[in-house]
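**Q** Contents of target14.tsv (TSV, C-alpha atoms) are below:
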```
chain	number	residue	atom	x	y	z
A	48	MET	CA	108.17	-44.54	31.82
A	49	ARG	CA	106.18	-45.30	34.94
A	50	THR	CA	104.53	-41.84	34.71
A	51	ARG	CA	103.45	-42.41	31.13
A	52	GLY	CA	101.90	-45.79	32.07
A	53	ARG	CA	99.91	-44.25	34.88
A	54	LEU	CA	98.53	-41.54	32.55
A	55	ALA	CA	97.56	-44.12	29.94
A	56	ALA	CA	95.71	-46.17	32.50
A	57	ALA	CA	93.89	-43.17	33.91
A	58	THR	CA	92.84	-41.73	30.58
A	59	PRO	CA	89.80	-44.06	29.89
A	60	ALA	CA	88.36	-43.36	33.32
A	61	VAL	CA	88.67	-39.60	32.87
A	62	ILE	CA	87.05	-39.68	29.45
A	63	GLY	CA	84.10	-41.70	30.82
A	64	ALA	CA	83.56	-39.25	33.66
A	65	LEU	CA	83.61	-36.31	31.31
A	66	ALA	CA	81.06	-38.02	29.05
A	67	LEU	CA	78.67	-38.60	31.94
A	68	ALA	CA	78.97	-34.98	33.00
A	69	LEU	CA	78.22	-33.72	29.52
A	70	ALA	CA	75.19	-36.04	29.20
A	71	ALA	CA	73.78	-34.77	32.45
A	72	CYS	CA	74.16	-31.15	31.37
A	73	SER	CA	72.55	-31.86	28.02
A	74	GLY	CA	69.54	-33.62	29.62
A	75	GLY	CA	68.93	-30.74	31.98
A	76	GLY	CA	68.87	-28.24	29.11
A	77	SER	CA	66.35	-30.33	27.19
A	78	GLN	CA	64.06	-30.49	30.18
A	79	GLU	CA	64.26	-26.76	30.67
A	80	LYS	CA	63.36	-26.13	27.02
A	81	GLY	CA	60.51	-28.60	27.18
A	82	ALA	CA	59.12	-26.90	30.25
A	83	GLY	CA	59.39	-23.56	28.54
A	84	LYS	CA	57.40	-24.79	25.50
A	85	GLY	CA	54.84	-26.44	27.69
A	86	GLY	CA	54.27	-23.24	29.60
A	87	ALA	CA	53.78	-21.27	26.41
A	88	GLY	CA	51.43	-23.82	24.89
A	89	GLY	CA	49.38	-24.18	28.00
A	90	GLY	CA	48.80	-20.42	28.32
A	91	ASN	CA	45.13	-19.21	28.04
A	92	ARG	CA	44.61	-16.96	24.98
A	93	GLY	CA	41.10	-15.85	26.04
A	94	PRO	CA	37.78	-15.95	24.09
A	95	THR	CA	37.76	-15.88	20.30
A	96	THR	CA	37.06	-12.50	18.74
A	97	VAL	CA	34.17	-12.60	16.23
A	98	GLY	CA	32.43	-9.96	14.13
A	99	TYR	CA	28.65	-9.73	13.95
A	100	VAL	CA	25.90	-7.81	12.17
A	101	VAL	CA	22.51	-6.93	13.63
A	102	VAL	CA	19.68	-7.95	11.30
A	103	GLN	CA	16.37	-6.16	10.89
A	104	PRO	CA	13.34	-7.13	8.77
A	105	THR	CA	13.30	-5.56	5.33
A	106	SER	CA	11.53	-5.86	1.98
A	107	ALA	CA	12.89	-8.49	-0.40
A	108	ALA	CA	11.53	-9.27	-3.84
A	109	MET	CA	10.51	-12.88	-4.50
A	110	VAL	CA	12.44	-13.31	-7.73
A	111	THR	CA	11.93	-16.33	-9.96
A	112	GLU	CA	13.53	-17.45	-13.21
A	113	LEU	CA	11.47	-19.48	-15.67
A	114	ALA	CA	11.76	-20.87	-19.17
A	115	ALA	CA	9.95	-18.97	-21.90
A	116	ARG	CA	9.47	-18.75	-25.67
A	117	THR	CA	9.06	-15.68	-27.86
A	118	ASN	CA	6.01	-15.11	-30.05
A	119	ALA	CA	5.12	-12.43	-32.55
A	120	TYR	CA	2.90	-9.61	-31.31
A	121	GLU	CA	0.70	-10.04	-34.39
A	122	SER	CA	0.78	-12.78	-36.99
A	123	SER	CA	-1.40	-13.09	-40.07
A	124	ASP	CA	-1.56	-15.34	-43.11
A	125	VAL	CA	-1.96	-13.76	-46.53
A	126	ARG	CA	-4.74	-15.78	-48.18
A	127	PRO	CA	-6.64	-15.43	-51.46
A	128	GLN	CA	-10.38	-14.82	-51.21
A	129	VAL	CA	-11.16	-15.51	-54.87
A	130	ASN	CA	-10.06	-18.14	-57.36
A	131	GLY	CA	-7.66	-17.39	-60.18
A	132	VAL	CA	-4.12	-17.27	-61.47
A	133	ILE	CA	-1.52	-14.99	-59.88
A	134	ARG	CA	-0.45	-12.38	-62.41
A	135	ARG	CA	1.94	-10.20	-60.37
A	136	ARG	CA	3.71	-9.96	-57.02
A	137	PHE	CA	4.32	-6.49	-55.59
A	138	PHE	CA	6.61	-7.07	-52.58
A	139	THR	CA	10.15	-8.18	-51.80
A	140	GLU	CA	10.44	-11.24	-49.58
A	141	GLY	CA	11.60	-10.40	-46.05
A	142	SER	CA	10.73	-6.71	-46.32
A	143	LEU	CA	8.51	-4.58	-44.11
A	144	VAL	CA	5.00	-4.06	-45.44
A	145	GLN	CA	2.20	-1.77	-44.33
A	146	ARG	CA	-1.41	-2.69	-43.74
A	147	GLY	CA	-3.41	-2.38	-46.97
A	148	GLN	CA	-0.33	-2.50	-49.19
A	149	PRO	CA	-0.98	-4.57	-52.40
A	150	LEU	CA	0.93	-7.85	-52.34
A	151	TYR	CA	-0.47	-9.98	-55.21
A	152	GLU	CA	-2.71	-9.52	-58.22
A	153	ILE	CA	-5.01	-12.33	-59.31
A	154	ASP	CA	-6.29	-12.29	-62.92
A	155	PRO	CA	-9.25	-9.84	-62.67
A	156	ARG	CA	-10.83	-10.27	-66.10
A	157	LEU	CA	-13.55	-12.72	-65.11
A	158	TYR	CA	-14.46	-10.63	-62.08
A	159	ARG	CA	-14.53	-7.42	-64.09
A	160	ALA	CA	-16.95	-9.12	-66.52
A	161	ALA	CA	-19.10	-10.20	-63.58
A	162	VAL	CA	-19.29	-6.59	-62.44
A	163	ASN	CA	-20.39	-5.48	-65.92
A	164	GLN	CA	-23.05	-8.19	-66.00
A	165	ALA	CA	-24.35	-7.20	-62.56
A	166	GLN	CA	-24.55	-3.58	-63.66
A	167	ALA	CA	-26.63	-4.59	-66.70
A	168	ASN	CA	-28.94	-6.73	-64.61
A	169	LEU	CA	-29.43	-3.82	-62.24
A	170	ALA	CA	-30.37	-1.51	-65.09
A	171	SER	CA	-32.89	-4.04	-66.39
A	172	ALA	CA	-34.40	-4.52	-62.95
A	173	ARG	CA	-34.75	-0.80	-62.46
A	174	ALA	CA	-36.54	-0.42	-65.81
A	175	ASN	CA	-38.94	-3.22	-64.98
A	176	GLU	CA	-39.50	-1.74	-61.52
A	177	GLU	CA	-40.43	1.61	-63.01
A	178	ALA	CA	-42.90	0.04	-65.47
A	179	GLN	CA	-44.62	-1.99	-62.79
A	180	ARG	CA	-44.85	1.02	-60.49
A	181	ILE	CA	-46.49	3.15	-63.19
A	182	GLN	CA	-48.95	0.40	-64.06
A	183	ALA	CA	-49.98	0.06	-60.42
A	184	GLU	CA	-50.48	3.81	-60.17
A	185	ARG	CA	-52.73	3.75	-63.28
A	186	TYR	CA	-54.84	0.91	-61.89
A	187	LYS	CA	-55.50	2.80	-58.68
A	188	PRO	CA	-58.18	5.29	-60.02
A	189	LEU	CA	-59.63	2.64	-62.31
A	190	ALA	CA	-60.16	0.33	-59.38
A	191	ALA	CA	-61.87	3.15	-57.53
A	192	ILE	CA	-64.53	3.49	-60.28
A	193	GLU	CA	-64.55	-0.29	-60.76
A	194	ALA	CA	-63.22	0.01	-64.33
A	195	VAL	CA	-60.86	-2.82	-63.39
A	196	SER	CA	-61.35	-5.40	-60.76
A	197	LYS	CA	-59.79	-5.01	-57.35
A	198	GLN	CA	-57.88	-8.25	-57.93
A	199	GLU	CA	-56.17	-6.81	-60.99
A	200	TYR	CA	-55.19	-3.73	-58.99
A	201	THR	CA	-53.88	-5.94	-56.17
A	202	ASN	CA	-51.82	-7.99	-58.63
A	203	ALA	CA	-50.39	-4.80	-60.15
A	204	ILE	CA	-49.28	-3.56	-56.71
A	205	ALA	CA	-47.68	-6.94	-55.92
A	206	THR	CA	-45.85	-7.01	-59.24
A	207	ALA	CA	-44.50	-3.50	-58.63
A	208	ARG	CA	-43.22	-4.55	-55.20
A	209	GLN	CA	-41.56	-7.65	-56.70
A	210	ALA	CA	-39.85	-5.40	-59.24
A	211	THR	CA	-38.55	-3.20	-56.39
A	212	ALA	CA	-37.20	-6.28	-54.60
A	213	SER	CA	-35.54	-7.43	-57.81
A	214	VAL	CA	-33.73	-4.10	-57.98
A	215	ALA	CA	-32.41	-4.63	-54.47
A	216	GLN	CA	-31.25	-8.16	-55.36
A	217	THR	CA	-29.39	-7.05	-58.46
A	218	GLN	CA	-27.88	-4.17	-56.48
A	219	ALA	CA	-26.51	-6.66	-53.94
A	220	ALA	CA	-25.19	-8.86	-56.74
A	221	LEU	CA	-23.39	-5.85	-58.20
A	222	GLU	CA	-21.79	-5.06	-54.82
A	223	THR	CA	-20.67	-8.70	-54.49
A	224	ALA	CA	-19.15	-8.60	-57.96
A	225	ARG	CA	-17.31	-5.39	-57.10
A	226	VAL	CA	-15.98	-6.86	-53.85
A	227	ASN	CA	-14.73	-9.95	-55.69
A	228	LEU	CA	-13.05	-7.68	-58.20
A	229	GLN	CA	-11.30	-5.89	-55.33
A	230	PHE	CA	-10.19	-9.24	-53.92
A	231	THR	CA	-8.18	-9.85	-57.09
A	232	THR	CA	-5.68	-7.44	-55.50
A	233	VAL	CA	-4.49	-9.18	-52.32
A	234	PRO	CA	-3.53	-6.58	-49.64
A	235	ALA	CA	-1.46	-6.90	-46.48
A	236	PRO	CA	-3.83	-7.58	-43.54
A	237	ILE	CA	-1.39	-6.16	-40.93
A	238	SER	CA	1.83	-4.17	-40.83
A	239	GLY	CA	5.00	-6.17	-40.22
A	240	ARG	CA	7.73	-8.20	-41.82
A	241	ILE	CA	6.62	-10.53	-44.58
A	242	GLY	CA	8.25	-13.90	-45.14
A	243	ARG	CA	8.87	-15.82	-48.32
A	244	SER	CA	6.20	-16.20	-50.96
A	245	LEU	CA	4.82	-19.73	-51.06
A	246	PHE	CA	3.23	-19.21	-54.50
A	247	THR	CA	4.84	-17.76	-57.59
A	248	VAL	CA	3.45	-15.82	-60.51
A	249	GLY	CA	1.37	-18.13	-62.71
A	250	ALA	CA	0.22	-20.34	-59.82
A	251	LEU	CA	-3.48	-21.16	-59.57
A	252	VAL	CA	-4.92	-20.26	-56.17
A	253	SER	CA	-8.35	-20.64	-54.61
A	254	ALA	CA	-10.24	-19.24	-51.68
A	255	SER	CA	-10.56	-22.72	-50.10
A	256	GLN	CA	-6.88	-23.69	-50.17
A	257	THR	CA	-5.14	-24.53	-46.89
A	258	ASP	CA	-1.72	-23.00	-47.64
A	259	PRO	CA	-1.33	-19.22	-47.33
A	260	LEU	CA	0.34	-17.14	-50.02
A	261	ALA	CA	2.74	-15.68	-47.42
A	262	GLN	CA	2.90	-14.83	-43.72
A	263	ILE	CA	3.33	-11.44	-42.04
A	264	GLN	CA	4.55	-11.03	-38.45
A	265	ARG	CA	4.73	-7.91	-36.35
A	266	LEU	CA	7.91	-8.15	-34.29
A	267	ASP	CA	7.87	-4.86	-32.39
A	268	PRO	CA	6.74	-5.24	-29.65
A	269	MET	CA	7.22	-8.95	-28.98
A	270	PHE	CA	5.37	-11.38	-26.72
A	271	VAL	CA	7.24	-13.77	-24.40
A	272	ASP	CA	5.19	-16.71	-23.10
A	273	ILE	CA	6.47	-17.84	-19.68
A	274	GLN	CA	5.72	-21.29	-18.30
A	275	GLN	CA	5.28	-21.66	-14.52
A	276	SER	CA	4.32	-24.85	-12.75
A	277	ALA	CA	0.88	-24.90	-11.18
A	278	ALA	CA	2.42	-25.96	-7.84
A	279	ASP	CA	4.68	-22.89	-7.69
A	280	LEU	CA	1.79	-20.62	-8.64
A	281	LEU	CA	-0.34	-22.18	-5.90
A	282	ALA	CA	2.42	-21.63	-3.33
A	283	LEU	CA	2.72	-18.01	-4.44
A	284	ARG	CA	-1.01	-17.40	-4.04
A	285	ARG	CA	-0.93	-18.95	-0.59
A	286	SER	CA	1.98	-16.75	0.44
A	287	LEU	CA	0.09	-13.69	-0.76
A	288	SER	CA	-2.59	-14.47	1.82
A	289	GLN	CA	-0.01	-14.43	4.62
A	290	ASN	CA	1.31	-11.39	6.46
A	291	GLY	CA	4.22	-9.57	4.93
A	292	VAL	CA	3.86	-10.78	1.31
A	293	VAL	CA	2.27	-8.36	-1.15
A	294	PRO	CA	1.87	-8.58	-4.94
A	295	THR	CA	3.89	-6.41	-7.28
A	296	ARG	CA	3.77	-5.48	-10.95
A	297	ALA	CA	6.32	-7.74	-12.51
A	298	VAL	CA	9.17	-6.12	-14.43
A	299	VAL	CA	10.72	-8.93	-16.47
A	300	HIS	CA	14.37	-9.27	-17.40
A	301	LEU	CA	15.22	-11.54	-20.29
A	302	LEU	CA	18.20	-13.89	-20.70
A	303	LEU	CA	18.90	-14.95	-24.28
A	304	GLU	CA	19.95	-18.40	-25.44
A	305	ASP	CA	23.66	-17.52	-25.19
A	306	GLY	CA	23.23	-16.45	-21.56
A	307	SER	CA	23.50	-12.70	-22.23
A	308	ASP	CA	21.02	-10.16	-20.92
A	309	TYR	CA	18.59	-8.75	-23.47
A	310	GLY	CA	19.01	-5.26	-22.05
A	311	LEU	CA	15.40	-4.07	-22.34
A	312	THR	CA	12.78	-4.94	-19.74
A	313	GLY	CA	9.19	-6.04	-20.23
A	314	THR	CA	6.03	-6.34	-18.19
A	315	VAL	CA	3.69	-9.25	-17.54
A	316	GLU	CA	0.39	-8.61	-19.36
A	317	PHE	CA	-1.71	-11.47	-17.99
A	318	ALA	CA	-1.74	-15.11	-16.86
A	319	GLU	CA	-4.02	-17.74	-18.34
A	320	ALA	CA	-6.83	-19.03	-16.16
A	321	LEU	CA	-6.20	-22.70	-16.96
A	322	VAL	CA	-3.52	-25.33	-16.42
A	323	ASN	CA	-2.05	-27.28	-19.30
A	324	THR	CA	-3.08	-30.88	-18.62
A	325	GLU	CA	-0.02	-32.27	-20.42
A	326	THR	CA	2.71	-30.17	-18.76
A	327	GLY	CA	1.00	-29.02	-15.56
A	328	THR	CA	2.03	-25.42	-16.21
A	329	VAL	CA	0.32	-22.06	-16.46
A	330	THR	CA	1.28	-19.63	-19.23
A	331	MET	CA	2.03	-16.00	-18.42
A	332	ARG	CA	2.51	-13.52	-21.26
A	333	ALA	CA	4.99	-10.65	-21.06
A	334	ARG	CA	5.42	-7.82	-23.55
A	335	PHE	CA	8.88	-6.61	-24.61
A	336	PRO	CA	9.97	-3.81	-26.92
A	337	ASN	CA	11.97	-5.06	-29.89
A	338	PRO	CA	13.15	-1.99	-31.82
A	339	LYS	CA	16.24	-3.66	-33.30
A	340	GLY	CA	14.51	-6.92	-34.19
A	341	LEU	CA	16.85	-8.96	-32.00
A	342	LEU	CA	14.04	-11.17	-30.75
A	343	LEU	CA	12.58	-13.55	-33.31
A	344	PRO	CA	9.50	-15.76	-32.94
A	345	GLY	CA	10.19	-19.20	-31.52
A	346	MET	CA	13.37	-18.34	-29.56
A	347	PHE	CA	13.95	-20.10	-26.22
A	348	VAL	CA	14.76	-17.58	-23.47
A	349	ARG	CA	14.67	-17.34	-19.69
A	350	ALA	CA	12.61	-14.72	-17.90
A	351	ARG	CA	13.59	-13.38	-14.47
A	352	PHE	CA	11.07	-11.32	-12.56
A	353	ALA	CA	9.64	-10.61	-9.11
A	354	GLN	CA	6.15	-11.94	-8.51
A	355	ALA	CA	5.74	-10.57	-4.98
A	356	ILE	CA	7.56	-8.71	-2.21
A	357	ASN	CA	8.18	-10.19	1.25
A	358	GLN	CA	8.15	-7.31	3.72
A	359	ASN	CA	9.32	-9.40	6.70
A	360	ALA	CA	12.46	-10.96	5.24
A	361	PHE	CA	16.01	-10.75	6.60
A	362	LEU	CA	19.09	-10.22	4.45
A	363	VAL	CA	22.00	-12.27	5.82
A	364	PRO	CA	25.52	-12.13	4.32
A	365	GLN	CA	26.28	-15.31	2.44
A	366	GLN	CA	29.44	-16.08	4.44
A	367	ALA	CA	27.38	-16.22	7.64
A	368	LEU	CA	25.15	-19.07	6.46
A	369	SER	CA	26.14	-22.72	6.24
A	370	ARG	CA	24.32	-25.98	5.67
A	371	ASP	CA	24.46	-29.21	7.61
A	372	ALA	CA	24.62	-32.74	6.25
A	373	LYS	CA	20.86	-32.74	5.64
A	374	GLY	CA	20.99	-29.49	3.70
A	375	ASN	CA	19.38	-27.39	6.43
A	376	ALA	CA	20.54	-23.76	6.54
A	377	THR	CA	22.07	-22.63	9.84
A	378	VAL	CA	23.61	-19.44	11.20
A	379	MET	CA	25.67	-18.73	14.30
A	380	LEU	CA	24.40	-16.04	16.67
A	381	VAL	CA	25.86	-14.20	19.62
A	382	GLY	CA	23.69	-15.38	22.48
A	383	PRO	CA	23.39	-14.48	26.16
A	384	ASN	CA	26.69	-14.06	28.08
A	385	ASN	CA	28.51	-13.81	24.72
A	386	LYS	CA	28.12	-17.49	24.02
A	387	THR	CA	27.45	-18.75	20.50
A	388	VAL	CA	24.06	-20.17	19.53
A	389	GLN	CA	23.41	-22.12	16.35
A	390	ARG	CA	19.98	-21.59	14.79
A	391	GLN	CA	18.26	-23.23	11.83
A	392	VAL	CA	16.72	-20.80	9.32
A	393	THR	CA	14.82	-20.90	6.03
A	394	ALA	CA	16.79	-19.51	3.11
A	395	SER	CA	15.76	-20.62	-0.37
A	396	ARG	CA	17.21	-17.87	-2.56
A	397	THR	CA	19.85	-15.16	-2.70
A	398	GLN	CA	19.65	-11.47	-3.43
A	399	GLY	CA	22.95	-9.97	-4.43
A	400	GLU	CA	25.54	-10.89	-1.78
A	401	ASN	CA	22.94	-11.89	0.81
A	402	TRP	CA	20.71	-14.82	1.58
A	403	VAL	CA	17.02	-14.01	1.91
A	404	VAL	CA	15.93	-15.57	5.21
A	405	THR	CA	12.17	-15.89	5.59
A	406	ALA	CA	11.98	-17.83	8.88
A	407	GLY	CA	14.13	-18.52	11.94
A	408	LEU	CA	15.30	-14.99	12.79
A	409	LYS	CA	13.88	-12.04	14.70
A	410	ALA	CA	14.70	-8.36	14.74
A	411	GLY	CA	17.90	-7.52	16.61
A	412	ASP	CA	19.61	-10.91	16.27
A	413	LYS	CA	23.39	-10.68	16.12
A	414	ILE	CA	24.60	-12.85	13.23
A	415	ILE	CA	28.27	-13.83	13.34
A	416	THR	CA	29.90	-13.12	9.98
A	417	GLN	CA	33.62	-13.15	10.90
A	418	GLY	CA	35.68	-15.59	12.89
A	419	LEU	CA	33.52	-18.61	12.11
A	420	ASN	CA	36.41	-21.03	11.57
A	421	ASN	CA	36.20	-23.94	14.04
A	422	LEU	CA	33.54	-22.05	16.01
A	423	ARG	CA	31.15	-24.35	17.87
A	424	PRO	CA	27.82	-23.73	19.62
A	425	GLY	CA	28.22	-22.67	23.24
A	426	ALA	CA	31.72	-21.25	22.78
A	427	GLN	CA	32.67	-18.13	24.72
A	428	VAL	CA	33.43	-15.29	22.28
A	429	LYS	CA	34.34	-11.65	22.26
A	430	ALA	CA	31.76	-10.05	19.95
A	431	VAL	CA	32.50	-6.82	18.11
A	432	PRO	CA	30.71	-5.19	15.13
A	433	ALA	CA	31.72	-6.76	11.85
A	434	ASN	CA	33.32	-3.62	10.48
A	435	SER	CA	35.82	-3.60	13.37
A	436	ALA	CA	36.34	-7.34	13.76
A	437	GLN	CA	39.91	-8.66	13.56
A	438	ASN	CA	40.79	-12.23	12.74
A	439	VAL	CA	42.93	-13.76	15.47
A	440	ALA	CA	45.71	-15.62	13.67
A	441	PRO	CA	47.43	-18.68	15.24
A	442	PRO	CA	51.15	-18.29	16.27
A	443	LYS	CA	53.55	-18.58	13.42
A	444	GLN	CA	55.70	-21.65	13.03
A	445	GLY	CA	58.64	-21.51	15.48
A	446	GLU	CA	57.21	-18.62	17.47
A	447	GLY	CA	56.24	-20.88	20.41
A	448	LYS	CA	59.70	-22.43	20.47
A	449	GLN	CA	61.37	-19.03	20.63
A	450	GLN	CA	59.09	-18.03	23.52
A	451	GLY	CA	59.97	-21.29	25.35
A	452	ASP	CA	63.71	-20.68	24.91
A	453	ALA	CA	63.32	-17.17	26.23
A	454	GLN	CA	61.45	-18.39	29.30
A	455	SER	CA	64.06	-21.09	29.86
A	456	LYS	CA	66.87	-18.60	29.78
A	457	ALA	CA	64.99	-16.29	32.10
A	458	GLY	CA	64.57	-19.16	34.58
```
Show me this structure written as structure tokens.
**A**
Amino acid sequence: MRTRGRLAAATPAVIGALALALAACSGGGSQEKGAGKGGAGGGNRGPTTVGYVVVQPTSAAMVTELAARTNAYESSDVRPQVNGVIRRRFFTEGSLVQRGQPLYEIDPRLYRAAVNQAQANLASARANEEAQRIQAERYKPLAAIEAVSKQEYTNAIATARQATASVAQTQAALETARVNLQFTTVPAPISGRIGRSLFTVGALVSASQTDPLAQIQRLDPMFVDIQQSAADLLALRRSLSQNGVVPTRAVVHLLLEDGSDYGLTGTVEFAEALVNTETGTVTMRARFPNPKGLLLPGMFVRARFAQAINQNAFLVPQQALSRDAKGNATVMLVGPNNKTVQRQVTASRTQGENWVVTAGLKAGDKIITQGLNNLRPGAQVKAVPANSAQNVAPPKQGEGKQQGDAQSKAG
């Protein structure tokens, strides 16, 4: 009994001592692990590996995209040139017609009668002209022997000349009557596609009316009128006077209203020599083939073409260029002693997968294209060509802890 009491009294003290011992062991292990992690985290990984490309000046087209509208290559109104009633129509609305093809017939009876009358007047004038000529010839020897007075002979010559002039007048009247008779058949002035007829058979038309009988448009080829602001055109002409920028013959690509590419290319024919005072734009006209009739007059399209070529431009991969808060374009370069240098450049357009840089770079610059994440100016880097660059990934989650445990155990 006394032994059991002693053990019961000693038990709480023993348990407390064991607890303190275990706590001390546990604290020491935690410190060792913490030291191991700290040693791993504080290790120096060395400079960041980045990939770079060496840029050289090259030729880059100065491409622009502008709004435009299509116009027919040729357009002509079919108009009557004589007065009368339409008797027949010879074409189908919306069909293709050829130049000179008869389209309408205006009642020709009055004009045929005018031709007959002019022919009769001409015959009468010719008969009178012959009589007056013979009389003047007869007076000539009589005047020489003074059988008739010289005044009578002079009057006979004048009358014969008036008769000759009358023949010419009636001849001209006959030609006019014949032309008017031809105008009763209204021909197509140009070849192309004719629209709807604005006048039907039986309608009275006149040469002075304002409305045409129909309209014909030639749609192959097709004109595209491009609008460019005068300010942009002025900047282009100034750049042409600088070194490295040369003009080029513009090959135009067309984007339709649905955003699709037209497929066929055109060429700029000319640019107007005046500025529209209302819009401040200059019109340039391009010519496009239209064999399938896809383009119709009045369509809104967008024209993309190169107006000049910059021979001193640099092509920089898009991933290498960034912009600051003010919108300025910047690139990161490999500078002296393999330290990064940030440089501001001028890049206003892209070409394929590259930015076209026109200022801020020089031949031989090393542009960093890989490893740009969290890269700051002045950082020490290990620069390798971009095709052999490897991205240095951060340690995976838990990898540092495992390394710390291993170092702790080794210690």
**Q** Env of Tyr158 in chain A: 9 Å cut, atoms = all atoms listed in the file, seq-sep filter 4 positions within chain, self excluded. Answer as a list of chain:residue names.
**A**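 What passes the distance filter is A:Asp154, A:Val162, A:Asn163, A:Ala224, A:Arg225, A:Asn227, A:Leu228, A:Gln229, A:Thr231.
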**Q** Taking only C-alpha atoms into account, which of A:Lys187, A:Arg156, A:His300, A:Arg116 comes nearest Gly345 in chain A?
**A**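 Once distances to Gly345 in chain A are computed over only C-alpha atoms, the minimum belongs to A:Arg116.
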**Q** Which is closest to Val329 in chain A among A:Gln275, A:Thr217, A:Thr377, A:Asn359, if we use only C-alpha atoms?
**A** A:Gln275
**Q** Leaving out Val271 in chain A and any residue of its chain fewer than 3 positions from it, which residues lie within 10 Å of it when counting all atoms listed in the file, given as a PyMOL selection string?
**A** chain A and resi 114-120+274+299+301+313-316+330-335+342+344-350
**Q** With distances taken over all atoms listed in the file, which of A:Ile356, A:Ile241, A:Leu260, A:Val404 is nearest to Leu143 in chain A?
**A**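 Looking only at the distances to Leu143 in chain A, the closest residue turns out to be A:Ile241.
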**Q** Would you mind reading off the distance between CA of Ser276 in chain A and CA of Leu303 in chain A, one decimal, in Å?
**A**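 Separation between CA of Ser276 in chain A and CA of Leu303 in chain A: 21.1 Å.
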**Q** For Pro338 in chain A, list every protein, DNA or RNA residue within 9 Å, evaluated using all atoms listed in the file, and leave out those in the same chain fewer than 3 positions away; present the list as a ChimeraX atom specification.
**A** /A:266-268,341
**Q** Box time for range 150-153 of chain A: axis-aligned, enclosing all its listed atoms, 8 Å extra on each side; report centre and edge lengths in Å to one decimal, as lines of an AutoDock Vina configuration file.
**A**
```
center_x = -2.0
center_y = -10.1
center_z = -55.8
size_x = 21.9
size_y = 20.5
size_z = 23.0
```
